[in-house]
Amino acid sequence: MNKEKKTLKIKLIKKGIAIDHIKHGKATEVLGILGISNDFPDSVTLAMNIPSREMGRKDIVKVENRDLDPKEMNKIAIIAPHATINWINNYKVVRKMPVSLPEEIIGIVRCPNPSCITNKEREPVKSVFHVMQKDPLILRCKYCEREVSEEEI
Ligand SMILES: [Zn+2]
């Protein structure tokens with residue numbers, strides 16, 4: 001593939017974030033995490049199924065005029081453990097950071113065990129999961145010890 005085609009595929013943005021190395025097929029989930037829907041005012045670029053030397057195929061998401069908070073980065077790490085966040089300013093990458101899963105994931109993932117204390121209707125406790133394995137992801141509920149795999153999240 002020539003260089004010109006490559007730049008067409010992945011539009012440059014002036015300011016915002018580019019999330020690279022997303023596991024192929026997960027780009028729309030990343031948009032969901034960012035809360036981006038049809039009424040988002042700025043440009044959003046989705047590149048799916050991009051050939052990648054390390055990953056075979058990958059997805060890329062670029063969002064103009066948007067930043068990420070730590071909670072959003074944790075959520076992205078859950079579904080795309082190899083993702084890299086690029087912060088862009090004036091068409092240049094000014095900061096680059098891989099997402100990383102914390103040891104504990106608090107208040108993001110729902111425990112699939114209906115009788116878990118975190119699923120009580122009255123005064124439910126915030127869910128806490130220990131990361132047992134990162135890729136493929138295995139989490140364990142701190143309260144009921146139920147293990148959760150990536151497909152269940
Ligand atoms: Zn539980």
# chains A, B, ... in the order shown; residues from 1 in each chain; ligands from 1
$ select_by_dssp --residues "segment 26-131 of chain A" --states "alpha helix (DSSP H)" --output "list in words"
Ala27, Thr28, Glu29, Val30, Leu31, Gly32, Ile33, Pro70, Lys71, Glu72, Met73, Asn74, Lys75, Ile76, Ala77, Ile78 and Ile79 of chain A
$ residues_around --residues "Leu137 of chain A" --least-positions-apart "4" --cutoff "7 Å" --atoms "only C-alpha atoms" --output "PDB file with C-alpha atoms, in the first residue's frame"
ATOM      1  CA  GLN A 133      -5.135 -12.489  34.054  1.00  0.00           C
ATOM      2  CA  SER A 149     -14.088 -13.874  31.524  1.00  0.00           C
ATOM      3  CA  GLU A 150     -13.910 -11.260  28.798  1.00  0.00           C
TER       4      GLU A 150
END
$ residues_near_ligand --ligand "ligand 1" --cutoff "6 Å" --atoms "only C-alpha atoms and all ligand atoms" --output "VMD selection string"
chain A and resid 111 113 116 141 143 to 144 146
$ write_last_selection --atoms "N, CA, C and O atoms" --output "PDB file, in the first residue's frame"
ATOM      1  N   CYS A 111     -21.016  -7.894  38.449  1.00  0.00           N
ATOM      2  CA  CYS A 111     -20.831  -9.302  38.790  1.00  0.00           C
ATOM      3  C   CYS A 111     -21.986 -10.122  38.226  1.00  0.00           C
ATOM      4  O   CYS A 111     -23.145  -9.780  38.423  1.00  0.00           O
ATOM      5  N   ASN A 113     -23.007 -12.972  39.114  1.00  0.00           N
ATOM      6  CA  ASN A 113     -23.677 -13.777  40.142  1.00  0.00           C
ATOM      7  C   ASN A 113     -24.841 -12.981  40.740  1.00  0.00           C
ATOM      8  O   ASN A 113     -24.632 -11.991  41.431  1.00  0.00           O
ATOM      9  N   CYS A 116     -24.798 -12.101  44.417  1.00  0.00           N
ATOM     10  CA  CYS A 116     -23.631 -11.368  44.930  1.00  0.00           C
ATOM     11  C   CYS A 116     -24.100 -10.096  45.643  1.00  0.00           C
ATOM     12  O   CYS A 116     -25.065  -9.456  45.221  1.00  0.00           O
ATOM     13  N   CYS A 141     -14.425 -11.626  41.330  1.00  0.00           N
ATOM     14  CA  CYS A 141     -15.184 -10.759  42.236  1.00  0.00           C
ATOM     15  C   CYS A 141     -14.605 -10.865  43.645  1.00  0.00           C
ATOM     16  O   CYS A 141     -14.380 -11.947  44.157  1.00  0.00           O
ATOM     17  N   TYR A 143     -16.059 -10.146  46.358  1.00  0.00           N
ATOM     18  CA  TYR A 143     -17.045 -10.537  47.368  1.00  0.00           C
ATOM     19  C   TYR A 143     -17.488 -11.992  47.256  1.00  0.00           C
ATOM     20  O   TYR A 143     -17.551 -12.704  48.242  1.00  0.00           O
ATOM     21  N   CYS A 144     -17.822 -12.440  46.042  1.00  0.00           N
ATOM     22  CA  CYS A 144     -18.337 -13.810  45.925  1.00  0.00           C
ATOM     23  C   CYS A 144     -17.342 -14.732  45.234  1.00  0.00           C
ATOM     24  O   CYS A 144     -17.616 -15.914  45.053  1.00  0.00           O
ATOM     25  N   ARG A 146     -16.589 -15.110  42.282  1.00  0.00           N
ATOM     26  CA  ARG A 146     -16.994 -15.556  40.959  1.00  0.00           C
ATOM     27  C   ARG A 146     -15.987 -15.034  39.918  1.00  0.00           C
ATOM     28  O   ARG A 146     -15.650 -13.870  39.927  1.00  0.00           O
TER      29      ARG A 146
END
$ closest_residue --among "A:Ile22, A:Leu46, A:Ile105, A:Leu12" --to "Thr84 of chain A" --atoms "only C-alpha atoms"
A:Ile22
$ closest_residue --among "A:Glu29, A:Glu121, A:Glu72, A:Glu64" --to "Thr45 of chain A" --atoms "only C-alpha atoms"
A:Glu64
$ closest_residue --among "A:Val93, A:Val63, A:Val148, A:Leu68" --to "Gly16 of chain A" --atoms "only C-alpha atoms"
A:Val63
$ select_by_dssp --residues "segment 4-65 of chain A" --states "strand (DSSP E or B)" --output "VMD selection string"
chain A and resid 15 to 23 44 to 52 56 to 64
